[in-house]
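J.: Pasting coords_14.cif below, which is mmCIF, C-alpha atoms.
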```
data_work
#
loop_
_atom_site.label_atom_id
_atom_site.label_comp_id
_atom_site.auth_asym_id
_atom_site.auth_seq_id
_atom_site.Cartn_x
_atom_site.Cartn_y
_atom_site.Cartn_z
CA MET T 1 -91.93 -53.68 206.26
CA ALA T 2 -90.50 -52.80 209.61
CA ARG T 3 -88.70 -56.04 209.51
CA ILE T 4 -87.10 -55.24 206.22
CA LEU T 5 -86.02 -51.84 207.52
CA THR T 6 -84.62 -53.42 210.67
CA ILE T 7 -82.71 -56.01 208.67
CA PHE T 8 -81.57 -53.30 206.31
CA SER T 9 -80.45 -51.13 209.27
CA ILE T 10 -78.60 -54.09 210.77
CA LEU T 11 -76.88 -54.77 207.45
CA ILE T 12 -75.92 -51.13 207.12
CA GLY T 13 -74.62 -51.16 210.71
CA LEU T 14 -72.56 -54.27 209.98
CA ALA T 15 -71.24 -52.73 206.76
CA THR T 16 -70.37 -49.57 208.68
CA ALA T 17 -68.62 -51.58 211.40
CA PHE T 18 -66.72 -53.55 208.76
CA LEU T 19 -65.66 -50.35 206.94
CA GLY T 20 -64.67 -48.77 210.27
CA TRP T 21 -62.56 -51.81 211.14
CA LYS T 22 -60.89 -51.75 207.70
CA THR T 23 -60.27 -47.99 207.95
CA ARG T 24 -58.74 -48.47 211.40
CA GLU T 25 -56.43 -51.18 210.02
CA GLN T 26 -55.37 -48.88 207.20
CA ALA T 27 -54.84 -46.00 209.63
CA LEU T 28 -52.65 -48.20 211.85
CA GLU T 29 -50.70 -49.38 208.81
CA LEU T 30 -50.23 -45.78 207.61
CA GLN T 31 -49.05 -44.76 211.09
CA SER T 32 -46.57 -47.65 211.08
CA ASN T 33 -45.34 -46.64 207.62
CA LEU T 34 -45.01 -43.03 208.82
CA ARG T 35 -42.90 -44.14 211.83
CA ASP T 36 -40.71 -46.27 209.54
CA ALA T 37 -40.29 -43.37 207.09
CA LYS T 38 -39.38 -40.98 209.94
CA SER T 39 -36.79 -43.42 211.36
CA GLY T 40 -35.42 -43.99 207.84
CA ARG T 41 -35.19 -40.23 207.34
CA THR T 42 -33.42 -39.84 210.70
CA ALA T 43 -30.97 -42.60 209.79
CA ALA T 44 -30.33 -41.03 206.38
CA GLU T 45 -29.73 -37.63 208.00
CA GLY T 46 -27.27 -39.29 210.42
CA LYS T 47 -25.46 -40.94 207.53
CA GLN T 48 -25.38 -37.64 205.67
CA LYS T 49 -23.88 -35.84 208.67
CA SER T 50 -21.37 -38.65 209.10
CA ALA T 51 -20.43 -38.47 205.41
CA GLU T 52 -20.08 -34.67 205.62
CA LYS T 53 -17.86 -35.00 208.70
CA GLU T 54 -15.75 -37.64 206.95
CA ARG T 55 -15.53 -35.41 203.87
CA ASP T 56 -14.35 -32.48 205.99
CA GLU T 57 -11.76 -34.65 207.77
CA THR T 58 -10.53 -35.98 204.43
CA LYS T 59 -10.30 -32.44 203.05
CA THR T 60 -8.28 -31.39 206.10
CA LYS T 61 -5.95 -34.37 205.66
CA LEU T 62 -5.62 -33.56 201.96
CA ASP T 63 -4.70 -29.96 202.75
CA GLU T 64 -2.13 -31.16 205.31
CA THR T 65 -0.72 -33.67 202.82
CA GLU T 66 -0.49 -31.04 200.10
CA GLY T 67 1.33 -28.73 202.52
CA THR T 68 3.70 -31.51 203.51
CA LEU T 69 4.28 -32.39 199.86
CA LYS T 70 5.03 -28.77 198.99
CA LYS T 71 7.47 -28.49 201.90
CA SER T 72 9.09 -31.80 200.94
CA GLN T 73 9.48 -30.62 197.35
CA GLU T 74 11.08 -27.38 198.57
CA ASP T 75 13.38 -29.38 200.87
CA LEU T 76 14.26 -31.67 197.97
CA THR T 77 15.09 -28.70 195.75
CA ASN T 78 17.25 -27.20 198.51
CA ALA T 79 18.95 -30.55 199.14
CA ARG T 80 19.68 -30.94 195.43
CA GLY T 81 21.21 -27.46 195.36
CA GLU T 82 23.27 -28.25 198.44
CA LEU T 83 24.37 -31.53 196.88
CA GLN T 84 25.44 -29.74 193.72
CA ASN T 85 27.41 -27.19 195.76
CA LEU T 86 29.07 -29.97 197.74
CA LYS T 87 30.00 -31.81 194.56
CA THR T 88 31.51 -28.61 193.14
CA ASP T 89 33.46 -28.01 196.36
CA TYR T 90 34.58 -31.65 196.33
CA GLU T 91 35.88 -31.33 192.77
CA LYS T 92 37.77 -28.16 193.74
CA ALA T 93 39.27 -29.90 196.77
CA LYS T 94 40.20 -32.89 194.61
CA ALA T 95 41.92 -30.59 192.10
CA ASP T 96 43.75 -28.89 194.99
CA VAL T 97 44.92 -32.28 196.32
CA ASP T 98 46.08 -33.29 192.84
CA GLU T 99 47.98 -30.01 192.39
CA LYS T 100 49.70 -30.31 195.78
CA SER T 101 50.57 -33.94 195.11
CA ARG T 102 52.10 -32.89 191.79
CA LYS T 103 54.16 -30.15 193.45
CA ILE T 104 55.41 -32.56 196.12
CA ALA T 105 56.40 -35.03 193.41
CA GLU T 106 58.31 -32.26 191.60
CA MET T 107 60.11 -31.30 194.82
CA ASP T 108 60.94 -34.92 195.52
CA ALA T 109 62.35 -35.20 192.02
CA ILE T 110 64.51 -32.12 192.56
CA LEU T 111 65.65 -33.18 196.04
CA ASN T 112 66.36 -36.76 195.08
CA LYS T 113 67.98 -35.94 191.77
CA PRO T 114 71.70 -36.38 191.92
CA GLY T 115 73.57 -33.12 191.28
CA SER T 116 74.16 -32.42 187.63
CA PRO T 117 77.27 -30.62 186.47
CA THR T 118 75.27 -27.61 185.30
CA GLN T 119 73.25 -27.31 188.46
CA THR T 120 74.44 -27.38 192.02
CA ILE T 121 72.00 -27.14 194.88
CA THR T 122 73.16 -25.33 197.96
CA PRO T 123 72.33 -26.64 201.42
CA GLU T 124 70.18 -23.53 202.01
CA ALA T 125 68.19 -24.29 198.84
CA ILE T 126 67.78 -27.89 199.97
CA LYS T 127 66.51 -26.69 203.36
CA GLU T 128 64.09 -24.25 201.67
CA LEU T 129 62.85 -26.98 199.35
CA SER T 130 62.51 -29.38 202.29
CA ASP T 131 60.57 -26.79 204.29
CA ALA T 132 58.38 -26.01 201.27
CA LYS T 133 57.82 -29.74 200.77
CA LEU T 134 56.86 -30.13 204.44
CA ARG T 135 54.41 -27.21 204.17
CA LEU T 136 52.94 -28.71 201.02
CA GLU T 137 52.60 -32.12 202.67
CA THR T 138 50.77 -30.48 205.59
CA GLU T 139 48.54 -28.58 203.15
CA LEU T 140 48.00 -31.81 201.23
CA ALA T 141 46.92 -33.62 204.39
CA GLU T 142 44.52 -30.77 205.20
CA ALA T 143 43.22 -30.74 201.64
CA LYS T 144 42.67 -34.50 201.77
CA GLN T 145 40.76 -34.07 205.03
CA VAL T 146 38.62 -31.33 203.45
CA GLN T 147 38.10 -33.56 200.41
CA GLU T 148 37.04 -36.48 202.63
CA THR T 149 34.69 -34.25 204.63
CA LEU T 150 33.12 -32.90 201.46
CA ARG T 151 32.78 -36.42 200.03
CA SER T 152 31.07 -37.52 203.24
CA LYS T 153 28.71 -34.53 203.17
CA ALA T 154 27.95 -35.19 199.49
CA GLU T 155 27.07 -38.80 200.29
CA GLU T 156 24.82 -37.65 203.14
CA ALA T 157 23.17 -35.11 200.83
CA GLU T 158 22.65 -37.78 198.15
CA SER T 159 21.07 -40.04 200.76
CA LYS T 160 18.86 -37.18 201.94
CA VAL T 161 17.80 -36.40 198.37
CA ALA T 162 17.00 -40.04 197.72
CA GLY T 163 14.98 -40.24 200.95
CA GLN T 164 13.03 -37.12 200.09
CA GLU T 165 12.37 -38.40 196.57
CA ARG T 166 11.02 -41.64 198.07
CA THR T 167 8.86 -39.63 200.47
CA ILE T 168 7.43 -37.52 197.66
CA VAL T 169 6.83 -40.51 195.37
CA GLY T 170 5.49 -42.70 198.20
#
```
Please express what this file holds, its structure, as structure tokens.
T.:
Amino acid sequence: MARILTIFSILIGLATAFLGWKTREQALELQSNLRDAKSGRTAAEGKQKSAEKERDETKTKLDETEGTLKKSQEDLTNARGELQNLKTDYEKAKADVDEKSRKIAEMDAILNKPGSPTQTITPEAIKELSDAKLRLETELAEAKQVQETLRSKAEEAESKVAGQERTIVG
């Protein structure tokens, strides 16, 4: 019987050793899985922080872009108003040039018209008309210069408006 107990004890010892070895393998595997999970968690936290940082940078850029857009829209509105004012001033200058040109043509007609029997022009009247014509021609030249300057400014304003519209749309 002692033999049976000895064999039984040996078998139990072997079974215990086998179970201990299997438990150790499982413990090592669980420790490896734990290390992998911790490194995965660390990597995920790093990605989360990176994504949050990128989100914050994008939000800052968005705020800057919205501010720039608002300023550009205000500039565009102001430029459109300026353009409209320049166009109005240009039309006034054009009307002034047309009026002065008409007056000069009338004076030329009077000065170049041969004397009619009912009307005689005195030399003093001719000199006054000539002086008035000269003043009008000077005013006409100035008005044409103003008209050209206003036209140029209107073209610049139109270009500026178009550029700002492209900036806002783009």
J.: Give me, please, the distance in Å between CA of Ser130 in chain T and CA of Ala95 in chain T, quoted to one decimal.
T.: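 So the answer is 23.0 Å.
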J.: Please compute the CA of Val97 in chain T-CA of Glu139 in chain T distance, one decimal, in Å.
T.: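 These two atoms are separated by 8.6 Å.
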J.: What does the distance from CA of Ser9 in chain T to CA of Glu25 in chain T come to in Å, to one decimal?
T.: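 Spanning CA of Ser9 in chain T to CA of Glu25 in chain T is a straight-line distance of 24.0 Å.
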J.: Name the residues in contact with range 99-106 of chain T at a cut-off of 12 Å, using only C-alpha atoms, excluding same-chain residues fewer than 5 positions from it; report them as a PDB file with C-alpha atoms, in the coordinates of the input.
T.:
```
ATOM      1  CA  LYS T  92      37.770 -28.160 193.740  1.00  0.00           C
ATOM      2  CA  ALA T  93      39.270 -29.900 196.770  1.00  0.00           C
ATOM      3  CA  LYS T  94      40.200 -32.890 194.610  1.00  0.00           C
ATOM      4  CA  LEU T 111      65.650 -33.180 196.040  1.00  0.00           C
ATOM      5  CA  ASN T 112      66.360 -36.760 195.080  1.00  0.00           C
ATOM      6  CA  LYS T 113      67.980 -35.940 191.770  1.00  0.00           C
ATOM      7  CA  LEU T 129      62.850 -26.980 199.350  1.00  0.00           C
ATOM      8  CA  SER T 130      62.510 -29.380 202.290  1.00  0.00           C
ATOM      9  CA  ASP T 131      60.570 -26.790 204.290  1.00  0.00           C
ATOM     10  CA  ALA T 132      58.380 -26.010 201.270  1.00  0.00           C
ATOM     11  CA  LYS T 133      57.820 -29.740 200.770  1.00  0.00           C
ATOM     12  CA  LEU T 134      56.860 -30.130 204.440  1.00  0.00           C
ATOM     13  CA  ARG T 135      54.410 -27.210 204.170  1.00  0.00           C
ATOM     14  CA  LEU T 136      52.940 -28.710 201.020  1.00  0.00           C
ATOM     15  CA  GLU T 137      52.600 -32.120 202.670  1.00  0.00           C
ATOM     16  CA  THR T 138      50.770 -30.480 205.590  1.00  0.00           C
ATOM     17  CA  GLU T 139      48.540 -28.580 203.150  1.00  0.00           C
ATOM     18  CA  LEU T 140      48.000 -31.810 201.230  1.00  0.00           C
ATOM     19  CA  ALA T 141      46.920 -33.620 204.390  1.00  0.00           C
ATOM     20  CA  GLU T 142      44.520 -30.770 205.200  1.00  0.00           C
ATOM     21  CA  ALA T 143      43.220 -30.740 201.640  1.00  0.00           C
ATOM     22  CA  LYS T 144      42.670 -34.500 201.770  1.00  0.00           C
TER      23      LYS T 144
END
```
J.: Using all atoms listed in the file, which of the listed residues (T:Thr122, T:Thr60, T:Thr88, T:Thr167) sits closest to Ala154 in chain T?
T.: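 The closest residue to Ala154 in chain T is T:Thr88.
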J.: Carefully work through the PyMOL selection byres ((chain T and resi 80) around 12) for this structure and note down the residues it includes, as a JSON list (two decimals) with C-alpha atoms, in the coordinates of the input.
T.:
```json
[["chain", "number", "residue", "atom", "x", "y", "z"],
["T", 72, "SER", "CA", 9.09, -31.80, 200.94],
["T", 73, "GLN", "CA", 9.48, -30.62, 197.35],
["T", 74, "GLU", "CA", 11.08, -27.38, 198.57],
["T", 75, "ASP", "CA", 13.38, -29.38, 200.87],
["T", 76, "LEU", "CA", 14.26, -31.67, 197.97],
["T", 77, "THR", "CA", 15.09, -28.70, 195.75],
["T", 78, "ASN", "CA", 17.25, -27.20, 198.51],
["T", 79, "ALA", "CA", 18.95, -30.55, 199.14],
["T", 81, "GLY", "CA", 21.21, -27.46, 195.36],
["T", 82, "GLU", "CA", 23.27, -28.25, 198.44],
["T", 83, "LEU", "CA", 24.37, -31.53, 196.88],
["T", 84, "GLN", "CA", 25.44, -29.74, 193.72],
["T", 85, "ASN", "CA", 27.41, -27.19, 195.76],
["T", 86, "LEU", "CA", 29.07, -29.97, 197.74],
["T", 87, "LYS", "CA", 30.00, -31.81, 194.56],
["T", 154, "ALA", "CA", 27.95, -35.19, 199.49],
["T", 155, "GLU", "CA", 27.07, -38.80, 200.29],
["T", 156, "GLU", "CA", 24.82, -37.65, 203.14],
["T", 157, "ALA", "CA", 23.17, -35.11, 200.83],
["T", 158, "GLU", "CA", 22.65, -37.78, 198.15],
["T", 159, "SER", "CA", 21.07, -40.04, 200.76],
["T", 160, "LYS", "CA", 18.86, -37.18, 201.94],
["T", 161, "VAL", "CA", 17.80, -36.40, 198.37],
["T", 162, "ALA", "CA", 17.00, -40.04, 197.72],
["T", 163, "GLY", "CA", 14.98, -40.24, 200.95],
["T", 164, "GLN", "CA", 13.03, -37.12, 200.09],
["T", 165, "GLU", "CA", 12.37, -38.40, 196.57]]
```
